[in-house]
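Here the structure is laid out as structure tokens; the discussion comes afterwards.
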Amino acid sequence: MTRILLVDDQALVRAGFETILTSEPGFEVVGQAKDGAEGVRLAAELEPDVVCMDVQMPVMDGLEATRRIVAGSAHPAVLMLTTFDREDFLFDALSAGASGFLLKTAEPEQLIDAVHALARGDALLSPEVTRRVIERFAAAPGADGAGRDAQAGHPGPGGAGASRADASARHDDALAQLTERERETLLLLARGRSNAEIARELFVGEATVKTHVSNVLLKLGIRDRIHAVIWAYEHGVVAPAR
């Protein structure tokens, strides 16, 4: 049974989502919250598998609520739902730790598919959105592995040069944990390949690819595939196309 928490300030929206989701066998809506603060509390209390999170809410917005939920001990997957097709919401949601992003104008079947995907541990972004993510993070000043802490005004005790050196060392240590196959898998993930495409390129089965992907996420401390793409570009594993 996939346990779902709904967080939205509009009661009618929550009721509609509940009707759609409970029509799917194996789905159970275990709680509803009217704002982000209540969502954080219920996520810790109910330990759902998936949280369907609105972005704009009173008391605490969905972005801050997502950050707190992801940082908690339960680690549910968060699906951001909004009526606004705004790029800043998308990137802020991903940076907050969300694993999926869906417009409220989507069809009911798309909501069901999205929850299934997140419950399996996958990320949910369309190919078009994935390209926007890659372009945004690849173009960022930190995409060459220089380290985001220095850019954010936190150069560390040794200054910006030491911060870059520390970031580079952490990056090298993280990559050293990966086997050659896992590095190849990370590279192909960063290029937007699906499991089936990776399997064909590496001449292995899809089950083997799933194992490689799981190992990459575990060793790098990454939540899901889309954050693996972000990590690869931020740390210079792949370079943006010129």
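Residue names in the structure tokens use chain letters A, B, ... in the order shown, residue numbers from 1 in each chain, and ligand numbers from 1 in the order shown.
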Select from region 167-203 of chain A every residue with an atom at most 7 Å from any atom of region 216-228 of chain A, then for each give the shortest pair of atoms and their distance in Å to one decimal, using only C-alpha atoms, rows by chain and rising number, as JSON lines.
```
{"residue": "A:Ala174", "atom": "CA", "partner": "A:Leu220", "partner_atom": "CA", "distance": 6.0}
{"residue": "A:Gln177", "atom": "CA", "partner": "A:Lys219", "partner_atom": "CA", "distance": 6.6}
{"residue": "A:Leu178", "atom": "CA", "partner": "A:Val216", "partner_atom": "CA", "distance": 6.9}
{"residue": "A:Glu182", "atom": "CA", "partner": "A:Val216", "partner_atom": "CA", "distance": 6.2}
{"residue": "A:Leu186", "atom": "CA", "partner": "A:Val216", "partner_atom": "CA", "distance": 7.0}
{"residue": "A:Ala190", "atom": "CA", "partner": "A:Ala228", "partner_atom": "CA", "distance": 7.0}
```
Would you mind telling me which residue in A:Thr185, A:Asp54, A:Val40, A:Val78 lies nearest to Arg200 (chain A) when using only C-alpha atoms?
A:Thr185
Measuring between only C-alpha atoms, which one of A:Val50, A:Met57, A:Ala44, A:Val30 shows the shortest distance to Asp9 (chain A)?
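With only C-alpha atoms as the atom set, the closest residue is A:Met57.
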If we count only C-alpha atoms and set the cut-off at 9 Å, which residues sit around Arg191 (chain A), ignoring sequence neighbours fewer than 3 positions away in its own chain? Please answer as a list of chain:residue names.
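Those residues are A:Ile134, A:Leu186, A:Leu187, A:Leu188, A:Val229, A:Val238.
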